[in-house]
There are 2 protein chains.
Amino acid sequence: MTSTVHRVLAERRHQLILRALRSGGPAAVTDLSEQLGVSPATVRRDLLKLEEEGLLTRVHGGAVVEEGDQPFAEVAEVRVAEKDAIAERAASMVQDGQSVLLDIGTTAYRLARQLHGRRITVITSNLVVYEELVDDEDIELVLLGGMVRREYRSLVGFLTEDNLRQLHADWLFLGTSGVRPGGQVMDTTVVEVPVKRAMIEAGDKVVLLADRAKFPGTGMARVCGPEELDVVVTNGPLDPATRSSLEEAGVQVVVTGKAETA
Amino acid sequence: MTSTVHRVLAERRHQLILRALRSGGPAAVTDLSEQLGVSPATVRRDLLKLEEEGLLTRVHGGAVVEEGDQPFAEVAEVRVAEKDAIAERAASMVQDGQSVLLDIGTTAYRLARQLHGRRITVITSNLVVYEELVDDEDIELVLLGGMVRREYRSLVGFLTEDNLRQLHADWLFLGTSGVRPGGQVMDTTVVEVPVKRAMIEAGDKVVLLADRAKFPGTGMARVCGPEELDVVVTNGPLDPATRSSLEEAGVQVVVTGKAETA
DNA sequence: CAAGAGTCGAGCAGAACTGAGCATAGAAAT
DNA sequence: ATTTCTATGCTCAGTTCTGCTCGACTCTTG
């Protein structure tokens with residue numbers, strides 16, 4: 001790039017900055033300045049504009065992407081590191097060529113982020129997962145039908161259930177609002193429960209993803225009992241009562257290491 | 001059609017510019033000028049025209065392709081004004097409270113853009129329509145299940161058909177690759193045909209959206225005959241043979257005024 | 001708490017870009 | 001053949017963007 005120093009279009013710079021922030025987290029003005037080959041002043045002006053558009057937040061020395069811009073506004077930001085650790089562990093269970101059924105919710109979304117570049121089939125009613133994976137050519141993506149629930153970025157209803165009855169997946173990765181001491185998997189959003197049950201029917205191996213805050217947990221509606229689960233991935237420690245309930249039902253409990261990151 | 005040579009050249013430039021922007025992101029006027037071997041002034045005029053047609057956004061120093069129009073790469077750019085006129089006419093047929101089934105393809109997308117703010121239910125397997133309407137609180141949005149076809153931004157497969165068998169819509173707006181003289185509705189993408197047929201079954205009133213370039217038209221696969229249609233909206237003039245075929249089958253032919261915009 | 005390094009915002013000069021108007025060349029129409 | 005029309009290239013004034021400098025501010029370190 002030494003020959004002709006083609007001036008980079010402002011718009012292009014903005015895109016690159018946003019991409020850098022999204023993939024690499026917070027970035028310094030000086031670093032961006034070097035990467036883009038423009039002066040720090042220009043980077044600063046770029047950040048100012050992008051902040052006005054609400055696309056990022058400036059901090060002293062640099063900028064970060066806003067969490068609000070990310071899906072799942074309220075829930076998504078909490079315990080991200082924990083969820084990512086769980087997701088990573090879960091992703092490692094899937095082999096190329098297999099099919100994966102992803103539940104709605106944040107945890108499944110974090111898992112989807114770990115699946116980029118894998119040669120697998122992903123089936124989901126999670127619209128954020130769809131958006132995350134739609135540009136990934138390697139992944140065969142199947143979207144379940146249904147009514148769009150904007151607040152949860154999901155698809156629900158009898159269409160979703162109908163579709164699920166026609167499918168079978170090697171893995172189901174399920175989220176939850178909490179697990180009760182007896183090993184009962186609960187949820188707070190009632191309309192999602194029939195969909196989750198249909199997913200359980202369609203999944204060969206059923207994996208529950210639940211960070212430590214979910215033990216013990218609550219929820220209005222019961223999704224299923226421990227006998228429906230094959231694996232629980234968590235970042236424990238989970239209470240002994242729940243653990244024994246799960247193990248009695250033959251559920252494999254996987255505990256990842258990164259519990260105290262938050 | 002005054003100066004044939006120049007016209008072709010200009011048209012070709014427009015295509016090249018759009019292709020460059022799609023593959024390489026934002027591009028500078030100077031770069032485009034070099035690549036195309038014309039003066040910056042000419043490039044600027046080209047960009048002006050393309051912006052008027054809504055195919056790109058000009059920025060200081062160059063231009064970028066609009067995000068929303070990214071899908072439908074090749075097809076989307078042609079005859080936008082005509083498609084919009086047809087879409088507007090079609091949208092006026094729908095009353096609040098009704099349900100609308102939208103086919104895949106560009107024309108249905110243009111129609112979706114006209115439906116903002118209407119209190120209706122929209123059912124579709126068109127992912128661009130989904131993206132267009134997902135933030136519109138007034139619209140009840142139902143997405144059909146299926147395998148994601150990235151190149152066409154659509155959902156297809158038996159899941160889509162299954163979903164459609166469970167549904168009924170007041171209106172179906174159908175696109176086509178062309179209508180044969182006998183009134184046969186054709187399509188080029190074979191895997192979409194079963195979905196289109198299922199849509200016809202699910203629609204109460206079936207409306208075909210077809211700009212004048214579709215008469216007469218071709219396509220590998222036959223979707224349906226004129227007897228399945230209720231209305232055809234076009235910007236004609238359509239050839240007398242096709243018109244009489246349609247009218248004999250009891251199809252209402254609606255011709256919008258804006259035929260000679262191109 | 002204080003010093004120092006780094007960062008920020010504002011103003012300024014130079015460079016690049018834009019839009020408008022005008023001249024030219026080639027094709028179509030008379 | 002002449003006129004008309006369109007597309008293109010060029011020039012020029014006005015605008016926008018960029019990099020630099022300088023004083024004020026913020027964060028860190030001892």
# chains A, B, ... in the order shown; residues from 1 in each chain; ligands from 1
>>> residues_around(residues="DG9 of chain D", least_positions_apart="6", cutoff="9 Å", atoms="only C-alpha atoms (C1' of nucleotides)", output="compact mmCIF listing (two decimals) with C-alpha atoms (C1' of nucleotides), in the first residue's frame")
# COMPACT_ATOMS: atom_id res chain seq x y z
CA VAL B 38 -14.08 8.67 -17.86
CA SER B 39 -13.82 12.01 -16.16
CA ALA B 41 -17.57 14.80 -13.68
CA THR B 42 -19.18 11.97 -15.59
C1' DA C 23 -17.68 24.25 -24.99
C1' DT C 24 -17.12 20.19 -27.89
>>> interface_residues(of="chain C", to="chain A", cutoff="12 Å", atoms="only C-alpha atoms (C1' of nucleotides)", output="list of chain:residue names")
C:DG6, C:DT7, C:DC8, C:DG9, C:DA10, C:DA15, C:DA16, C:DC17
>>> write_last_selection(atoms="C-alpha atoms (C1' of nucleotides)", output="PDB file, in the first residue's frame")
ATOM      1  C1'  DG C   6      -1.555  11.472  27.348  1.00  0.00           C
ATOM      2  C1'  DT C   7      -5.950  13.089  25.430  1.00  0.00           C
ATOM      3  C1'  DC C   8      -9.372  16.414  23.961  1.00  0.00           C
ATOM      4  C1'  DG C   9     -11.428  20.445  21.650  1.00  0.00           C
ATOM      5  C1'  DA C  10     -10.974  24.439  18.748  1.00  0.00           C
ATOM      6  C1'  DA C  15      -5.955  19.996  -0.238  1.00  0.00           C
ATOM      7  C1'  DA C  16      -9.745  17.612  -2.139  1.00  0.00           C
ATOM      8  C1'  DC C  17     -14.403  17.466  -3.507  1.00  0.00           C
TER       9       DC C  17
END
>>> residues_around(residues="Glu88 of chain B", least_positions_apart="3", cutoff="10 Å", atoms="only C-alpha atoms (C1' of nucleotides)", output="mmCIF file with C-alpha atoms, in the first residue's frame")
data_model
loop_
_atom_site.group_PDB
_atom_site.id
_atom_site.type_symbol
_atom_site.label_atom_id
_atom_site.label_comp_id
_atom_site.auth_asym_id
_atom_site.auth_seq_id
_atom_site.Cartn_x
_atom_site.Cartn_y
_atom_site.Cartn_z
ATOM 1 C CA GLU B 82 -42.159 0.857 -12.366
ATOM 2 C CA LYS B 83 -42.212 -1.710 -9.614
ATOM 3 C CA ASP B 84 -43.011 0.994 -7.103
ATOM 4 C CA ALA B 85 -45.948 2.191 -9.154
ATOM 5 C CA ALA B 91 -51.047 -1.746 -1.590
ATOM 6 C CA SER B 92 -54.167 0.345 -2.070
ATOM 7 C CA MET B 93 -56.195 -2.824 -2.498
ATOM 8 C CA ARG B 110 -41.303 -2.961 -3.009
ATOM 9 C CA LEU B 111 -44.858 -3.681 -1.955
ATOM 10 C CA ALA B 112 -43.761 -4.269 1.626
ATOM 11 C CA ARG B 113 -42.217 -0.818 1.663
ATOM 12 C CA GLN B 114 -45.634 0.609 0.888
ATOM 13 C CA LEU B 115 -47.252 -1.180 3.822
ATOM 14 C CA THR B 256 -51.104 1.639 -13.731
#
>>> residues_around(residues="Gly182 of chain A", least_positions_apart="2", cutoff="10 Å", atoms="only C-alpha atoms (C1' of nucleotides)", output="number ranges by chain")
A: 179-180, 184-185, 216, 225-226, 241-246
>>> residues_around(residues="Leu101 of chain B", least_positions_apart="2", cutoff="8 Å", atoms="only C-alpha atoms (C1' of nucleotides)", output="MDAnalysis selection string")
chainID B and resid 99 103 122:124 169:173 199 203
>>> write_last_selection(atoms="N, CA and C atoms", output="CSV table (one decimal), in the first residue's frame")
chain,number,residue,atom,x,y,z
B,99,SER,N,-55.1,-9.7,6.1
B,99,SER,CA,-53.9,-10.4,6.1
B,99,SER,C,-53.3,-10.5,4.7
B,103,ASP,N,-45.0,-13.0,-1.5
B,103,ASP,CA,-44.1,-13.9,-2.2
B,103,ASP,C,-42.6,-13.4,-2.1
B,122,VAL,N,-48.9,-9.5,8.0
B,122,VAL,CA,-48.1,-9.8,6.8
B,122,VAL,C,-47.4,-11.2,7.0
B,123,ILE,N,-47.6,-12.1,6.1
B,123,ILE,CA,-47.1,-13.4,6.1
B,123,ILE,C,-46.1,-13.5,5.0
B,124,THR,N,-44.9,-14.0,5.2
B,124,THR,CA,-43.9,-14.0,4.1
B,124,THR,C,-42.8,-15.0,4.3
B,169,ALA,N,-54.8,-16.4,3.9
B,169,ALA,CA,-54.6,-14.9,3.9
B,169,ALA,C,-55.6,-14.3,3.0
B,170,ASP,N,-56.0,-13.1,3.3
B,170,ASP,CA,-57.0,-12.4,2.5
B,170,ASP,C,-56.4,-12.1,1.1
B,171,TRP,N,-55.1,-11.8,1.1
B,171,TRP,CA,-54.5,-11.4,-0.2
B,171,TRP,C,-53.2,-12.2,-0.4
B,172,LEU,N,-52.9,-12.6,-1.6
B,172,LEU,CA,-51.6,-13.1,-1.9
B,172,LEU,C,-51.1,-12.2,-3.1
B,173,PHE,N,-49.9,-11.7,-2.9
B,173,PHE,CA,-49.2,-10.9,-3.9
B,173,PHE,C,-48.1,-11.7,-4.4
B,199,MET,N,-48.7,-21.1,-1.7
B,199,MET,CA,-49.1,-19.8,-1.4
B,199,MET,C,-50.5,-19.5,-2.1
B,203,GLY,N,-54.0,-18.3,-0.4
B,203,GLY,CA,-54.5,-17.0,-0.6
B,203,GLY,C,-55.9,-16.9,-1.0
>>> closest_residue(among="A:Ala87, A:Ala108, A:Leu143, A:Leu55", to="chain B", atoms="only C-alpha atoms")
A:Leu143
>>> select_by_dssp(residues="segment 85-180 of chain A", states="helix (DSSP H, G or I)", output="ChimeraX atom specification")
/A:85-91,106-113,127-133,158-165
>>> interface_residues(of="chain B", to="chain A", cutoff="10 Å", atoms="only C-alpha atoms", output="MDAnalysis selection string")
chainID B and resid 24:31 58:64 121:125 130:131 134:137 139:150 153 155:167
>>> write_last_selection(atoms="C-alpha atoms", output="tab-separated table (two decimals), in the first residue's frame")
chain	number	residue	atom	x	y	z
B	24	GLY	CA	-15.75	-3.42	-2.61
B	25	GLY	CA	-17.88	-1.28	-0.35
B	26	PRO	CA	-17.60	2.48	-0.54
B	27	ALA	CA	-15.67	3.76	-3.54
B	28	ALA	CA	-14.19	7.16	-4.36
B	29	VAL	CA	-15.18	9.20	-7.37
B	30	THR	CA	-11.56	9.43	-8.41
B	31	ASP	CA	-11.03	5.69	-8.26
B	58	ARG	CA	-23.59	9.46	-2.28
B	59	VAL	CA	-21.16	10.56	0.35
B	60	HIS	CA	-18.46	13.16	0.21
B	61	GLY	CA	-15.80	11.81	-2.12
B	62	GLY	CA	-17.74	8.88	-3.46
B	63	ALA	CA	-20.70	6.63	-2.86
B	64	VAL	CA	-21.90	3.56	-0.98
B	121	THR	CA	-50.91	-9.02	9.18
B	122	VAL	CA	-48.07	-9.80	6.80
B	123	ILE	CA	-47.06	-13.40	6.13
B	124	THR	CA	-43.94	-14.01	4.10
B	125	SER	CA	-41.01	-16.23	3.26
B	130	TYR	CA	-39.03	-9.42	7.10
B	131	GLU	CA	-36.12	-7.05	7.56
B	134	VAL	CA	-39.59	-6.16	11.58
B	135	ASP	CA	-39.43	-2.81	13.33
B	136	ASP	CA	-42.91	-1.74	12.35
B	137	GLU	CA	-45.02	-2.13	15.48
B	139	ILE	CA	-47.79	-4.84	11.50
B	140	GLU	CA	-48.33	-8.35	12.75
B	141	LEU	CA	-45.51	-10.21	11.10
B	142	VAL	CA	-45.49	-13.94	10.43
B	143	LEU	CA	-42.44	-15.58	9.00
B	144	LEU	CA	-42.73	-18.92	7.27
B	145	GLY	CA	-40.25	-21.59	8.20
B	146	GLY	CA	-37.76	-23.08	5.83
B	147	MET	CA	-34.22	-23.35	4.63
B	148	VAL	CA	-32.48	-20.03	4.19
B	149	ARG	CA	-31.52	-19.37	0.57
B	150	ARG	CA	-28.95	-16.65	0.88
B	153	ARG	CA	-32.97	-13.97	0.55
B	155	LEU	CA	-37.06	-19.39	2.79
B	156	VAL	CA	-37.92	-22.55	0.91
B	157	GLY	CA	-38.56	-26.22	1.42
B	158	PHE	CA	-41.16	-28.49	2.86
B	159	LEU	CA	-41.27	-26.54	6.10
B	160	THR	CA	-42.47	-23.51	4.19
B	161	GLU	CA	-45.11	-25.52	2.42
B	162	ASP	CA	-46.24	-27.13	5.66
B	163	ASN	CA	-46.66	-23.75	7.27
B	164	LEU	CA	-48.63	-22.48	4.33
B	165	ARG	CA	-51.07	-25.37	4.55
B	166	GLN	CA	-51.93	-24.15	8.04
B	167	LEU	CA	-52.64	-20.60	6.97
>>> closest_atom_pairs(of="chain D", to="chain A", cutoff="10 Å", atoms="only C-alpha atoms (C1' of nucleotides)", output="CSV")
residue,atom,partner,partner_atom,distance
D:DC17,C1',A:Ala10,CA,9.0
D:DT18,C1',A:Thr42,CA,6.8
D:DG19,C1',A:Ser39,CA,6.5
D:DC20,C1',A:Ala41,CA,9.3
D:DT26,C1',A:His60,CA,7.9
D:DC27,C1',A:His60,CA,8.6
>>> residues_around(residues="Arg212 of chain B", least_positions_apart="2", cutoff="9 Å", atoms="only C-alpha atoms (C1' of nucleotides)", output="MDAnalysis selection string")
chainID B and resid 82 210 214:216 234:238 259
>>> select_by_dssp(residues="segment 105-145 of chain B", states="strand (DSSP E or B)", output="CSV table (one decimal) with N, CA and C atoms, in the first residue's frame")
chain,number,residue,atom,x,y,z
B,121,THR,N,-51.8,-7.9,8.9
B,121,THR,CA,-50.9,-9.0,9.2
B,121,THR,C,-50.2,-9.4,7.9
B,122,VAL,N,-48.9,-9.5,8.0
B,122,VAL,CA,-48.1,-9.8,6.8
B,122,VAL,C,-47.4,-11.2,7.0
B,123,ILE,N,-47.6,-12.1,6.1
B,123,ILE,CA,-47.1,-13.4,6.1
B,123,ILE,C,-46.1,-13.5,5.0
B,124,THR,N,-44.9,-14.0,5.2
B,124,THR,CA,-43.9,-14.0,4.1
B,124,THR,C,-42.8,-15.0,4.3
B,126,ASN,N,-40.1,-14.1,2.5
B,126,ASN,CA,-39.2,-13.2,1.9
B,126,ASN,C,-38.4,-12.5,3.0
B,140,GLU,N,-48.5,-7.0,12.2
B,140,GLU,CA,-48.3,-8.4,12.8
B,140,GLU,C,-47.6,-9.1,11.7
B,141,LEU,N,-46.4,-9.6,12.1
B,141,LEU,CA,-45.5,-10.2,11.1
B,141,LEU,C,-45.4,-11.7,11.3
B,142,VAL,N,-45.6,-12.5,10.3
B,142,VAL,CA,-45.5,-13.9,10.4
B,142,VAL,C,-44.5,-14.4,9.4
B,143,LEU,N,-43.5,-15.1,9.9
B,143,LEU,CA,-42.4,-15.6,9.0
B,143,LEU,C,-42.7,-17.1,8.8
